[in-house]
>>> print(open('my_file.txt').read())   # compact mmCIF, C-alpha atoms and all ligand atoms
# COMPACT_ATOMS: atom_id res chain seq x y z
CA MET O 14 82.13 -72.20 27.69
CA GLU O 15 81.93 -72.68 23.94
CA GLN O 16 79.60 -75.50 22.86
CA LYS O 17 81.47 -78.38 21.19
CA ASN O 18 80.13 -79.78 17.92
CA ASN O 19 79.16 -83.43 17.67
CA ILE O 20 81.88 -85.12 15.57
CA LYS O 21 79.43 -87.87 14.60
CA SER O 22 77.14 -85.38 12.87
CA TYR O 23 79.61 -85.09 9.98
CA SER O 24 79.66 -87.28 6.89
CA LEU O 25 82.93 -88.72 5.60
CA SER O 26 83.25 -85.97 2.99
CA GLU O 27 82.60 -83.31 5.65
CA LEU O 28 85.26 -84.88 7.89
CA GLN O 29 87.66 -84.83 4.95
CA GLN O 30 86.96 -81.11 4.52
CA ILE O 31 87.58 -80.50 8.24
CA MET O 32 90.91 -82.34 8.00
CA LYS O 33 91.88 -80.31 4.93
CA GLU O 34 91.12 -77.07 6.78
CA MET O 35 93.35 -78.27 9.64
CA GLY O 36 96.18 -78.98 7.20
CA GLU O 37 95.88 -82.74 7.70
CA PRO O 38 95.85 -85.38 4.94
CA LYS O 39 92.45 -86.59 3.69
CA TYR O 40 92.97 -90.16 4.97
CA ARG O 41 92.79 -88.90 8.57
CA ALA O 42 89.00 -88.62 8.09
CA GLY O 43 88.86 -92.37 7.37
CA GLN O 44 90.98 -93.07 10.46
CA ILE O 45 88.65 -91.02 12.64
CA ARG O 46 85.60 -92.74 11.15
CA ARG O 47 87.12 -96.12 11.94
CA TRP O 48 87.74 -95.08 15.56
CA LEU O 49 84.16 -93.82 15.88
CA TYR O 50 82.26 -96.65 14.21
CA ASN O 51 84.47 -99.72 14.40
CA ASP O 52 86.26 -99.18 17.71
CA ARG O 53 83.45 -97.08 19.18
CA ALA O 54 85.92 -94.68 20.76
CA SER O 55 84.44 -92.36 23.33
CA SER O 56 87.40 -89.96 23.49
CA PHE O 57 89.91 -88.54 21.01
CA GLU O 58 92.72 -89.53 23.40
CA THR O 59 92.35 -93.20 22.45
CA MET O 60 92.83 -92.47 18.71
CA SER O 61 96.46 -93.53 18.82
CA ASN O 62 97.25 -93.20 15.11
CA LEU O 63 96.42 -89.46 15.16
CA GLY O 64 99.14 -87.04 16.22
CA SER O 65 98.86 -85.68 19.77
CA LYS O 66 98.43 -82.10 18.52
CA LEU O 67 95.52 -83.12 16.30
CA ARG O 68 93.93 -85.08 19.18
CA THR O 69 94.15 -82.03 21.42
CA VAL O 70 92.57 -79.74 18.81
CA LEU O 71 89.79 -82.25 18.11
CA SER O 72 89.08 -82.63 21.85
CA SER O 73 88.79 -78.88 22.26
CA ARG O 74 86.33 -78.48 19.38
CA TYR O 75 84.29 -81.67 19.18
CA SER O 76 82.36 -84.04 21.43
CA ILE O 77 81.69 -87.78 20.87
CA PRO O 78 78.18 -88.48 22.17
CA SER O 79 76.61 -91.94 21.91
CA CYS O 80 73.04 -93.22 21.87
CA LYS O 81 71.92 -95.20 24.91
CA THR O 82 69.27 -97.79 25.62
CA ALA O 83 66.75 -96.14 27.92
CA GLU O 84 64.48 -99.18 28.18
CA GLN O 85 63.99 -102.56 26.59
CA GLN O 86 61.05 -104.92 26.35
CA HIS O 87 61.16 -108.61 25.38
CA GLU O 88 58.31 -110.38 23.66
CA PHE O 89 59.02 -113.39 25.85
CA PRO O 90 60.63 -113.43 29.31
CA ALA O 91 64.11 -111.90 29.28
CA ASP O 92 65.85 -115.18 30.06
CA THR O 93 64.73 -116.73 26.75
CA ILE O 94 67.00 -116.19 23.75
CA ASP O 95 64.35 -115.96 21.04
CA GLY O 96 61.51 -113.49 20.69
CA THR O 97 61.46 -109.92 19.53
CA THR O 98 63.05 -107.21 21.66
CA LYS O 99 62.10 -103.55 21.45
CA TYR O 100 64.61 -100.90 22.55
CA LEU O 101 63.80 -97.36 23.51
CA VAL O 102 66.91 -95.52 22.35
CA SER O 103 67.85 -92.18 23.87
CA LEU O 104 69.64 -89.78 21.49
CA HIS O 105 72.26 -87.17 22.41
CA ASP O 106 69.58 -84.44 22.76
CA ASP O 107 67.37 -86.72 24.90
CA MET O 108 64.90 -87.34 22.09
CA GLU O 109 63.94 -91.00 21.72
CA VAL O 110 63.29 -93.53 18.98
CA GLU O 111 62.43 -97.21 18.97
CA THR O 112 64.53 -100.02 17.52
CA VAL O 113 63.48 -103.65 17.21
CA LEU O 114 65.62 -106.81 17.18
CA ILE O 115 63.91 -109.73 15.44
CA PRO O 116 65.79 -113.02 15.85
CA SER O 117 64.94 -116.05 13.73
CA VAL O 118 66.53 -119.41 12.96
CA ASP O 119 68.82 -118.21 10.20
CA ARG O 120 69.15 -114.46 10.82
CA ASN O 121 69.04 -111.65 13.32
CA THR O 122 67.38 -108.57 11.91
CA VAL O 123 67.47 -105.08 13.37
CA CYS O 124 64.65 -102.75 12.41
CA VAL O 125 66.02 -99.20 12.69
CA SER O 126 64.34 -95.79 12.88
CA SER O 127 65.45 -92.99 10.56
CA GLN O 128 63.47 -90.07 11.99
CA VAL O 129 62.10 -88.99 15.36
CA GLY O 130 58.40 -89.35 14.52
CA CYS O 131 57.26 -88.98 10.92
CA PRO O 132 55.57 -86.16 9.00
CA LEU O 133 53.60 -88.40 6.61
CA ARG O 134 50.69 -89.44 8.86
CA CYS O 135 49.68 -92.72 7.21
CA THR O 136 46.31 -93.60 8.71
CA PHE O 137 47.28 -97.11 9.87
CA CYS O 138 50.57 -96.14 11.55
CA ALA O 139 51.12 -95.07 15.14
CA THR O 140 54.37 -93.24 14.31
CA GLY O 141 52.49 -90.91 11.95
CA TYR O 142 50.35 -89.70 14.86
CA MET O 143 53.41 -88.58 16.83
CA GLY O 144 54.20 -85.76 14.41
CA PHE O 145 57.74 -85.09 13.27
CA SER O 146 60.65 -83.79 15.35
CA ARG O 147 63.83 -84.29 13.33
CA ASN O 148 65.90 -86.54 11.08
CA LEU O 149 68.42 -88.88 12.68
CA ASN O 150 72.04 -88.45 11.66
CA ALA O 151 73.96 -91.44 10.28
CA ALA O 152 75.60 -92.20 13.64
CA GLU O 153 72.24 -92.37 15.39
CA ILE O 154 71.07 -94.92 12.81
CA VAL O 155 74.26 -97.01 13.03
CA GLU O 156 74.26 -97.00 16.83
CA GLN O 157 70.80 -98.55 16.94
CA VAL O 158 72.38 -101.60 15.29
CA TYR O 159 75.18 -101.63 17.88
CA LEU O 160 72.74 -101.38 20.76
CA ALA O 161 70.53 -104.17 19.46
CA GLY O 162 73.55 -106.33 18.65
CA GLY O 163 75.07 -106.13 22.10
CA LYS O 164 78.83 -106.47 22.38
CA ASN O 165 79.48 -108.17 19.08
CA PRO O 166 77.37 -107.01 16.13
CA ALA O 167 79.64 -108.85 13.68
CA ARG O 168 78.48 -112.15 15.11
CA ASP O 169 74.93 -111.24 15.97
CA ILE O 170 73.39 -109.03 13.35
CA SER O 171 72.91 -110.32 9.81
CA ASN O 172 70.21 -108.01 8.40
CA VAL O 173 69.07 -104.42 8.82
CA VAL O 174 65.71 -103.04 7.71
CA PHE O 175 64.76 -99.36 7.63
CA MET O 176 61.22 -100.05 8.77
CA GLY O 177 61.19 -98.37 12.17
CA MET O 178 60.03 -94.85 12.89
CA GLY O 179 60.16 -92.41 10.00
CA GLU O 180 60.29 -92.40 6.20
CA PRO O 181 63.92 -93.14 5.19
CA LEU O 182 63.60 -91.45 1.80
CA LEU O 183 62.91 -88.13 3.54
CA ASN O 184 66.38 -88.47 5.10
CA ILE O 185 68.38 -89.85 2.18
CA PRO O 186 71.88 -88.38 2.84
CA ASN O 187 71.99 -89.73 6.41
CA VAL O 188 70.44 -93.08 5.46
CA LEU O 189 73.00 -93.56 2.67
CA GLU O 190 75.85 -92.54 4.97
CA ALA O 191 74.61 -95.08 7.55
CA VAL O 192 74.42 -97.80 4.88
CA ASP O 193 77.98 -96.93 3.87
CA ILE O 194 79.22 -97.32 7.47
CA LEU O 195 77.23 -100.50 8.20
CA SER O 196 78.46 -102.18 5.01
CA ASP O 197 82.08 -101.00 5.17
CA LYS O 198 84.10 -104.16 4.49
CA ARG O 199 87.01 -102.86 6.60
CA PHE O 200 84.85 -102.76 9.73
CA ASP O 201 84.21 -105.74 11.97
CA PHE O 202 80.44 -105.91 11.52
CA SER O 203 80.41 -105.28 7.73
CA ILE O 204 76.81 -106.14 6.82
CA PRO O 205 76.50 -106.76 3.06
CA GLN O 206 74.34 -104.13 1.35
CA ARG O 207 72.09 -106.83 -0.09
CA LYS O 208 71.12 -107.63 3.51
CA ILE O 209 70.02 -104.07 4.16
CA THR O 210 66.47 -103.16 3.12
CA ILE O 211 65.21 -99.61 2.69
CA SER O 212 61.45 -99.43 3.07
CA THR O 213 59.37 -96.52 1.78
CA VAL O 214 55.75 -95.61 1.25
CA GLY O 215 56.75 -94.89 -2.33
CA LEU O 216 58.46 -91.49 -2.57
CA VAL O 217 59.30 -91.57 -6.23
CA ASP O 218 62.20 -89.07 -6.27
CA GLY O 219 63.97 -91.07 -3.57
CA ILE O 220 63.39 -94.34 -5.43
CA ASP O 221 64.79 -92.80 -8.62
CA HIS O 222 67.81 -91.57 -6.63
CA ILE O 223 68.50 -95.03 -5.20
CA ALA O 224 68.04 -96.62 -8.64
CA ARG O 225 70.84 -94.42 -9.98
CA SER O 226 73.10 -94.64 -6.91
CA GLY O 227 74.67 -98.04 -7.53
CA LEU O 228 73.62 -99.20 -4.05
CA LYS O 229 73.07 -102.94 -3.64
CA THR O 230 70.52 -102.53 -0.86
CA ARG O 231 67.05 -104.03 -1.24
CA LEU O 232 63.92 -101.93 -1.65
CA ALA O 233 60.52 -102.51 -0.05
CA ILE O 234 57.43 -100.47 -0.91
CA SER O 235 54.48 -100.15 1.46
CA LEU O 236 51.84 -100.41 -1.24
CA HIS O 237 48.72 -101.48 0.70
CA ALA O 238 46.32 -100.64 -2.15
CA ALA O 239 46.38 -100.85 -5.93
CA THR O 240 43.79 -98.15 -6.60
CA GLN O 241 44.69 -94.49 -6.32
CA LYS O 242 41.68 -93.54 -4.18
CA LYS O 243 42.20 -96.27 -1.56
CA ARG O 244 45.91 -95.64 -1.43
CA GLU O 245 45.43 -91.92 -0.82
CA GLN O 246 43.13 -92.73 2.08
CA LEU O 247 45.76 -94.94 3.68
CA ILE O 248 48.88 -93.00 2.66
CA PRO O 249 48.05 -89.30 2.17
CA VAL O 250 51.41 -88.49 0.52
CA SER O 251 50.47 -90.81 -2.35
CA LYS O 252 48.37 -87.93 -3.73
CA GLU O 253 51.65 -86.51 -5.02
CA HIS O 254 53.41 -89.86 -5.46
CA THR O 255 50.68 -91.50 -7.52
CA LEU O 256 50.42 -95.19 -8.34
CA GLU O 257 51.09 -94.39 -11.98
CA ARG O 258 54.24 -92.43 -11.22
CA LEU O 259 55.32 -95.07 -8.68
CA HIS O 260 54.93 -97.78 -11.33
CA LYS O 261 57.30 -95.83 -13.60
CA SER O 262 59.87 -95.46 -10.79
CA LEU O 263 59.69 -99.14 -9.84
CA THR O 264 60.08 -100.21 -13.46
CA GLY O 265 63.13 -97.93 -13.71
CA TYR O 266 64.51 -99.27 -10.43
CA THR O 267 64.22 -102.93 -11.44
CA ASP O 268 65.58 -102.24 -14.94
CA ASN O 269 68.59 -100.38 -13.50
CA THR O 270 69.42 -102.73 -10.63
CA GLY O 271 68.20 -106.10 -11.95
CA GLU O 272 66.78 -106.67 -8.46
CA PRO O 273 63.15 -107.26 -7.54
CA VAL O 274 61.30 -104.88 -5.23
CA THR O 275 59.19 -106.20 -2.40
CA LEU O 276 55.64 -104.85 -2.42
CA VAL O 277 54.36 -104.92 1.13
CA TYR O 278 50.59 -105.20 1.35
CA MET O 279 48.85 -105.03 4.71
CA LEU O 280 45.47 -106.74 4.55
CA LEU O 281 42.79 -104.65 6.24
CA GLU O 282 39.31 -106.06 6.77
CA GLY O 283 36.70 -104.38 4.53
CA ILE O 284 39.23 -101.98 3.01
CA ASN O 285 41.68 -103.68 0.64
CA ASP O 286 40.91 -107.40 1.04
CA THR O 287 38.45 -108.33 -1.74
CA SER O 288 39.07 -110.55 -4.77
CA GLY O 289 38.88 -107.38 -6.87
CA ASP O 290 41.64 -105.82 -4.77
CA ALA O 291 43.79 -108.93 -5.29
CA ARG O 292 43.23 -108.82 -9.07
CA ARG O 293 44.10 -105.11 -9.21
CA LEU O 294 47.27 -105.79 -7.20
CA ALA O 295 48.20 -108.60 -9.60
CA LYS O 296 47.64 -106.36 -12.61
CA TYR O 297 49.70 -103.52 -11.09
CA SER O 298 52.61 -105.78 -10.18
CA ARG O 299 53.07 -108.15 -13.04
CA SER O 300 54.99 -105.88 -15.43
CA PHE O 301 58.07 -105.34 -13.26
CA LEU O 302 60.29 -107.60 -11.16
CA CYS O 303 58.71 -107.94 -7.73
CA LYS O 304 57.52 -110.16 -4.95
CA ILE O 305 54.51 -109.54 -2.78
CA ASN O 306 54.78 -109.65 0.98
CA LEU O 307 51.38 -109.88 2.66
CA ILE O 308 51.33 -108.76 6.27
CA ASP O 309 48.74 -108.84 8.97
CA TYR O 310 47.42 -105.67 10.53
CA ASN O 311 48.83 -105.12 14.02
CA SER O 312 46.30 -103.46 16.22
CA ILE O 313 46.94 -99.97 17.50
CA VAL O 314 45.02 -98.46 20.36
CA ASN O 315 42.09 -96.27 19.22
CA MET O 316 42.30 -97.28 15.57
CA ASP O 317 39.35 -98.87 13.80
CA PHE O 318 41.23 -101.22 11.45
CA LYS O 319 40.79 -104.96 11.77
CA HIS O 320 42.85 -107.87 10.55
CA VAL O 321 41.56 -110.22 7.86
CA ASN O 322 40.50 -113.81 8.64
CA SER O 323 42.53 -116.71 7.25
CA GLU O 324 39.85 -117.81 4.75
CA LYS O 325 39.84 -114.40 3.04
CA GLN O 326 43.63 -114.26 3.25
CA ASP O 327 43.91 -117.64 1.47
CA LYS O 328 41.59 -116.50 -1.32
CA PHE O 329 43.63 -113.31 -1.76
CA ILE O 330 46.88 -115.31 -1.97
CA GLU O 331 45.36 -117.79 -4.44
CA ILE O 332 44.48 -115.00 -6.89
CA LEU O 333 48.00 -113.57 -6.72
CA VAL O 334 49.67 -116.96 -7.11
CA ASP O 335 47.38 -117.85 -10.03
CA ALA O 336 48.49 -114.62 -11.68
CA GLY O 337 52.08 -115.90 -11.49
CA LEU O 338 53.28 -113.69 -8.64
CA GLN O 339 55.67 -114.72 -5.90
CA VAL O 340 53.89 -114.26 -2.58
CA THR O 341 55.13 -114.55 0.98
CA VAL O 342 53.07 -114.12 4.10
CA ARG O 343 55.01 -112.51 6.89
CA ARG O 344 54.33 -113.59 10.40
CA SER O 345 53.98 -110.62 12.67
CA HIS O 346 56.80 -110.18 15.19
CA GLY O 347 56.55 -108.29 18.44
CA ALA O 348 52.85 -107.36 18.37
CA SER O 349 52.49 -108.14 22.08
CA ILE O 350 55.05 -105.41 22.94
CA ASN O 351 53.86 -102.93 20.26
CA ALA O 352 57.02 -103.60 18.25
CA ALA O 353 55.38 -104.82 15.06
CA CYS O 354 54.92 -102.90 11.81
CA GLY O 355 53.05 -99.63 12.28
CA GLN O 356 53.07 -99.85 16.06
CA LEU O 357 56.21 -97.88 16.92
CA ALA O 358 55.20 -94.68 18.67
CA LEU O 359 56.99 -94.43 22.02
CA SER O 360 53.71 -95.92 23.10
CA GLU O 361 54.23 -95.69 26.82
CA LYS O 362 54.65 -91.95 26.52
CA LYS O 363 52.33 -90.80 23.77
CA ALA O 364 48.77 -91.98 23.25
CA VAL O 365 47.63 -92.33 19.66
CA PRO O 366 44.56 -90.19 19.09
CA SER O 367 41.36 -91.81 17.91
CA ALA O 368 41.69 -92.52 14.20
CA ARG O 369 39.21 -93.58 11.57
CA TYR O 370 39.51 -94.72 8.01
CA HIS O 371 37.12 -92.84 5.70
CA SER O 372 36.20 -94.85 2.64
S1 LIG O 401 54.04 -95.84 7.69
FE1 LIG O 401 56.10 -95.01 7.55
S2 LIG O 401 55.83 -93.16 6.29
FE2 LIG O 401 53.78 -93.71 7.02
S3 LIG O 401 53.52 -92.51 8.93
FE3 LIG O 401 54.35 -94.53 9.50
S4 LIG O 401 56.56 -94.21 9.62
FE4 LIG O 401 55.71 -92.52 8.42
>>> encode(input="my_file.txt", output="structure tokens")
Amino acid sequence: MEQKNNIKSYSLSELQQIMKEMGEPKYRAGQIRRWLYNDRASSFETMSNLGSKLRTVLSSRYSIPSCKTAEQQHEFPADTIDGTTKYLVSLHDDMEVETVLIPSVDRNTVCVSSQVGCPLRCTFCATGYMGFSRNLNAAEIVEQVYLAGGKNPARDISNVVFMGMGEPLLNIPNVLEAVDILSDKRFDFSIPQRKITISTVGLVDGIDHIARSGLKTRLAISLHAATQKKREQLIPVSKEHTLERLHKSLTGYTDNTGEPVTLVYMLLEGINDTSGDARRLAKYSRSFLCKINLIDYNSIVNMDFKHVNSEKQDKFIEILVDAGLQVTVRRSHGASINAACGQLALSEKKAVPSARYHS
């Protein structure tokens, strides 16, 4: 029997092309997209505003697979309503990614994955040690939000961050298509773009692309060091995407969008935590619109990194604040279930090999 193609693997413009080739008007593509992503239809038969002939042809050529939750882990016992929840999400080809729901007093944030694994191998990140399998399509990104939101994402989910497995700017077309679906004002869940954050280790071409795109999403950069040598040791791809070039991209981004970028800086004992490091970070950051988000290191099995004590942390913050920078300190969520930053690695299934930082 002929293999059916996954209808959700097509972008809106590709669906429009398919409709054109079938002799249908362009707006049918929008109708199908609404059935798939707003009504979450699992068969073409339910798409009542499409003609019966079109439904039959679509059913014979295309399938409508959906992602499923294979497992979930709560930070606190399952009968409590707060606490981080990590979902193991099974994709249509049985590959898996992790998704994290982080509830707080005023928002519910879903941290989504954009790739199965990641090719960039940052030394502090468990995902990097998994290797890379493939990019997620837009539907697989969107459905992580559905799964974490339960029956009613419109009520439950207020924010989405692309901080799960993978580097979103290596998968720009699908990430942008997912943002377009999640923020579609005609759909029930309609998450405003300003509540969607794309996080990157600083791939400059992707940042330049977003700066020009007119998107209203927020941008977060995993900076982690303000000297080229230290940054290369933590984030190998920064050899090509240098601090100097990144500075130019971030200046362009903030000039174009008028929005600040968030510079995420993970404090690592003995590596990037001195007063000198804080001063270099202040110098790097003060010429463009930004805020600094300091985060704690979340331990990963077999890795040598250590988190920084509160005295050193306070000194670091003081230097940044004295330099006039806006600083927030993010409390770690989900560390006890390996759901915090840098810990996502299908950890029950794949052990992270022994890793060392070479200074
Ligand atoms: S930090 Fe991000 S870019 Fe680096 S290896 Fe992990 S998932 Fe990939």
>>> residues_around(input="my_file.txt", residues="segment 330-333 of chain O", least_positions_apart="4", cutoff="9 Å", atoms="all atoms listed in the file", output="ChimeraX atom specification")
/O:288,291-292,294-295,305,307,325-326,337-342
>>> closest_residue(input="my_file.txt", among="O:Lys328, O:His87, O:Lys33, O:His237", to="ligand LIG 401 (chain O)", atoms="only C-alpha atoms and all ligand atoms")
O:His237
>>> closest_atom_pairs(input="my_file.txt", of="chain O", to="ligand LIG 401 (chain O)", cutoff="10 Å", atoms="all atoms listed in the file", output="tab-separated table")
residue	atom	partner	partner_atom	distance
O:Ser126	CA	O:LIG401	S4	8.6
O:Ser127	CA	O:LIG401	S4	9.0
O:Gln128	CA	O:LIG401	S4	8.4
O:Val129	CA	O:LIG401	S4	9.5
O:Gly130	CA	O:LIG401	S4	7.1
O:Cys131	CA	O:LIG401	FE4	4.6
O:Pro132	CA	O:LIG401	FE4	6.4
O:Leu133	CA	O:LIG401	S3	4.7
O:Arg134	CA	O:LIG401	S3	4.2
O:Cys135	CA	O:LIG401	S3	4.2
O:Thr136	CA	O:LIG401	S3	7.3
O:Phe137	CA	O:LIG401	S1	7.2
O:Cys138	CA	O:LIG401	FE3	4.6
O:Ala139	CA	O:LIG401	FE3	6.5
O:Thr140	CA	O:LIG401	FE3	5.0
O:Gly141	CA	O:LIG401	S3	3.6
O:Tyr142	CA	O:LIG401	S3	7.3
O:Met143	CA	O:LIG401	S3	8.8
O:Gly144	CA	O:LIG401	S3	8.7
O:Phe145	CA	O:LIG401	FE4	9.1
O:Phe175	CA	O:LIG401	FE1	9.7
O:Met176	CA	O:LIG401	FE1	7.3
O:Gly177	CA	O:LIG401	S4	6.7
O:Met178	CA	O:LIG401	S4	4.8
O:Gly179	CA	O:LIG401	S4	4.0
O:Glu180	CA	O:LIG401	S2	4.5
O:Pro181	CA	O:LIG401	S2	8.2
O:Leu182	CA	O:LIG401	S2	9.1
O:Leu183	CA	O:LIG401	S2	9.1
O:Ser212	CA	O:LIG401	FE1	8.3
O:Thr213	CA	O:LIG401	S2	6.6
O:Val214	CA	O:LIG401	S2	5.6
O:Gly215	CA	O:LIG401	S2	8.8
O:Leu216	CA	O:LIG401	S2	9.4
O:Ser235	CA	O:LIG401	S1	7.6
O:Leu247	CA	O:LIG401	FE2	8.8
O:Ile248	CA	O:LIG401	FE2	6.6
O:Pro249	CA	O:LIG401	FE2	8.7
O:Val250	CA	O:LIG401	S2	8.6
O:Cys354	CA	O:LIG401	S1	8.2
O:Gly355	CA	O:LIG401	FE3	6.0
O:Gln356	CA	O:LIG401	FE3	8.5
O:Leu357	CA	O:LIG401	S4	8.2
O:Ala358	CA	O:LIG401	S4	9.2
>>> write_last_selection(input="my_file.txt", atoms="C-alpha atoms", output="mmCIF file, keeping the file's coordinate frame")
data_model
loop_
_atom_site.group_PDB
_atom_site.id
_atom_site.type_symbol
_atom_site.label_atom_id
_atom_site.label_comp_id
_atom_site.auth_asym_id
_atom_site.auth_seq_id
_atom_site.Cartn_x
_atom_site.Cartn_y
_atom_site.Cartn_z
ATOM 1 C CA SER O 126 64.340 -95.790 12.880
ATOM 2 C CA SER O 127 65.450 -92.990 10.560
ATOM 3 C CA GLN O 128 63.470 -90.070 11.990
ATOM 4 C CA VAL O 129 62.100 -88.990 15.360
ATOM 5 C CA GLY O 130 58.400 -89.350 14.520
ATOM 6 C CA CYS O 131 57.260 -88.980 10.920
ATOM 7 C CA PRO O 132 55.570 -86.160 9.000
ATOM 8 C CA LEU O 133 53.600 -88.400 6.610
ATOM 9 C CA ARG O 134 50.690 -89.440 8.860
ATOM 10 C CA CYS O 135 49.680 -92.720 7.210
ATOM 11 C CA THR O 136 46.310 -93.600 8.710
ATOM 12 C CA PHE O 137 47.280 -97.110 9.870
ATOM 13 C CA CYS O 138 50.570 -96.140 11.550
ATOM 14 C CA ALA O 139 51.120 -95.070 15.140
ATOM 15 C CA THR O 140 54.370 -93.240 14.310
ATOM 16 C CA GLY O 141 52.490 -90.910 11.950
ATOM 17 C CA TYR O 142 50.350 -89.700 14.860
ATOM 18 C CA MET O 143 53.410 -88.580 16.830
ATOM 19 C CA GLY O 144 54.200 -85.760 14.410
ATOM 20 C CA PHE O 145 57.740 -85.090 13.270
ATOM 21 C CA PHE O 175 64.760 -99.360 7.630
ATOM 22 C CA MET O 176 61.220 -100.050 8.770
ATOM 23 C CA GLY O 177 61.190 -98.370 12.170
ATOM 24 C CA MET O 178 60.030 -94.850 12.890
ATOM 25 C CA GLY O 179 60.160 -92.410 10.000
ATOM 26 C CA GLU O 180 60.290 -92.400 6.200
ATOM 27 C CA PRO O 181 63.920 -93.140 5.190
ATOM 28 C CA LEU O 182 63.600 -91.450 1.800
ATOM 29 C CA LEU O 183 62.910 -88.130 3.540
ATOM 30 C CA SER O 212 61.450 -99.430 3.070
ATOM 31 C CA THR O 213 59.370 -96.520 1.780
ATOM 32 C CA VAL O 214 55.750 -95.610 1.250
ATOM 33 C CA GLY O 215 56.750 -94.890 -2.330
ATOM 34 C CA LEU O 216 58.460 -91.490 -2.570
ATOM 35 C CA SER O 235 54.480 -100.150 1.460
ATOM 36 C CA LEU O 247 45.760 -94.940 3.680
ATOM 37 C CA ILE O 248 48.880 -93.000 2.660
ATOM 38 C CA PRO O 249 48.050 -89.300 2.170
ATOM 39 C CA VAL O 250 51.410 -88.490 0.520
ATOM 40 C CA CYS O 354 54.920 -102.900 11.810
ATOM 41 C CA GLY O 355 53.050 -99.630 12.280
ATOM 42 C CA GLN O 356 53.070 -99.850 16.060
ATOM 43 C CA LEU O 357 56.210 -97.880 16.920
ATOM 44 C CA ALA O 358 55.200 -94.680 18.670
#
>>> atom_distance(input="my_file.txt", atom1="atom CA of Asn269 of chain O", atom2="atom CA of Gly227 of chain O")
8.8 Å
>>> atom_distance(input="my_file.txt", atom1="atom CA of Phe57 of chain O", atom2="atom CA of Leu71 of chain O")
6.9 Å
>>> residues_around(input="my_file.txt", residues="Glu156 of chain O", least_positions_apart="6", cutoff="12 Å", atoms="all atoms listed in the file", output="ChimeraX atom specification")
/O:21,49-51,53,78-82,100,102-105,110,112,123,125-127,149-150,162-164,166,191-192,194-195
>>> atom_distance(input="my_file.txt", atom1="atom CA of Val158 of chain O", atom2="atom CA of Lys99 of chain O")
12.1 Å
>>> residues_around(input="my_file.txt", residues="Asp193 of chain O", least_positions_apart="5", cutoff="12 Å", atoms="all atoms listed in the file", output="NGL selection string")
:O and (24-25 or 46 or 50 or 151-152 or 154-155 or 186-188 or 198-200 or 203-206 or 209 or 227-230)
>>> residues_around(input="my_file.txt", residues="Asp268 of chain O", least_positions_apart="2", cutoff="12 Å", atoms="only C-alpha atoms", output="compact mmCIF listing (two decimals) with C-alpha atoms, in the frame of the given file")
# COMPACT_ATOMS: atom_id res chain seq x y z
CA ASP O 221 64.79 -92.80 -8.62
CA ALA O 224 68.04 -96.62 -8.64
CA ARG O 225 70.84 -94.42 -9.98
CA LYS O 261 57.30 -95.83 -13.60
CA SER O 262 59.87 -95.46 -10.79
CA LEU O 263 59.69 -99.14 -9.84
CA THR O 264 60.08 -100.21 -13.46
CA GLY O 265 63.13 -97.93 -13.71
CA TYR O 266 64.51 -99.27 -10.43
CA THR O 270 69.42 -102.73 -10.63
CA GLY O 271 68.20 -106.10 -11.95
CA GLU O 272 66.78 -106.67 -8.46
CA PRO O 273 63.15 -107.26 -7.54
CA VAL O 274 61.30 -104.88 -5.23
CA SER O 300 54.99 -105.88 -15.43
CA PHE O 301 58.07 -105.34 -13.26
CA LEU O 302 60.29 -107.60 -11.16
CA CYS O 303 58.71 -107.94 -7.73
>>> closest_residue(input="my_file.txt", among="O:Arg293, O:Lys242, O:Lys252, O:Arg231", to="Thr267 of chain O", atoms="all atoms listed in the file")
O:Arg231
>>> residues_around(input="my_file.txt", residues="Ile45 of chain O", least_positions_apart="2", cutoff="9 Å", atoms="only C-alpha atoms", output="VMD selection string")
chain O and resid 28 40 to 43 47 to 50 57 60 63
>>> write_last_selection(input="my_file.txt", atoms="C-alpha atoms", output="PDB file, keeping the file's coordinate frame")
ATOM      1  CA  LEU O  28      85.260 -84.880   7.890  1.00  0.00           C
ATOM      2  CA  TYR O  40      92.970 -90.160   4.970  1.00  0.00           C
ATOM      3  CA  ARG O  41      92.790 -88.900   8.570  1.00  0.00           C
ATOM      4  CA  ALA O  42      89.000 -88.620   8.090  1.00  0.00           C
ATOM      5  CA  GLY O  43      88.860 -92.370   7.370  1.00  0.00           C
ATOM      6  CA  ARG O  47      87.120 -96.120  11.940  1.00  0.00           C
ATOM      7  CA  TRP O  48      87.740 -95.080  15.560  1.00  0.00           C
ATOM      8  CA  LEU O  49      84.160 -93.820  15.880  1.00  0.00           C
ATOM      9  CA  TYR O  50      82.260 -96.650  14.210  1.00  0.00           C
ATOM     10  CA  PHE O  57      89.910 -88.540  21.010  1.00  0.00           C
ATOM     11  CA  MET O  60      92.830 -92.470  18.710  1.00  0.00           C
ATOM     12  CA  LEU O  63      96.420 -89.460  15.160  1.00  0.00           C
TER      13      LEU O  63
END
>>> axis_aligned_box(input="my_file.txt", around="segment 188-193 of chain O", padding_each_side="6 Å", output="JSON")
{"center_x": 74.2, "center_y": -95.2, "center_z": 5.1, "size_x": 19.5, "size_y": 17.3, "size_z": 16.9}
>>> residues_near_point(input="my_file.txt", point="(62.6, -105.7, 23.2)", cutoff="8 Å", atoms="all atoms listed in the file", output="list in words")
Gln85, Gln86, His87, Glu88, Thr97, Thr98, Lys99, Tyr100, Val113, Leu114, Ile350 and Ala352 of chain O
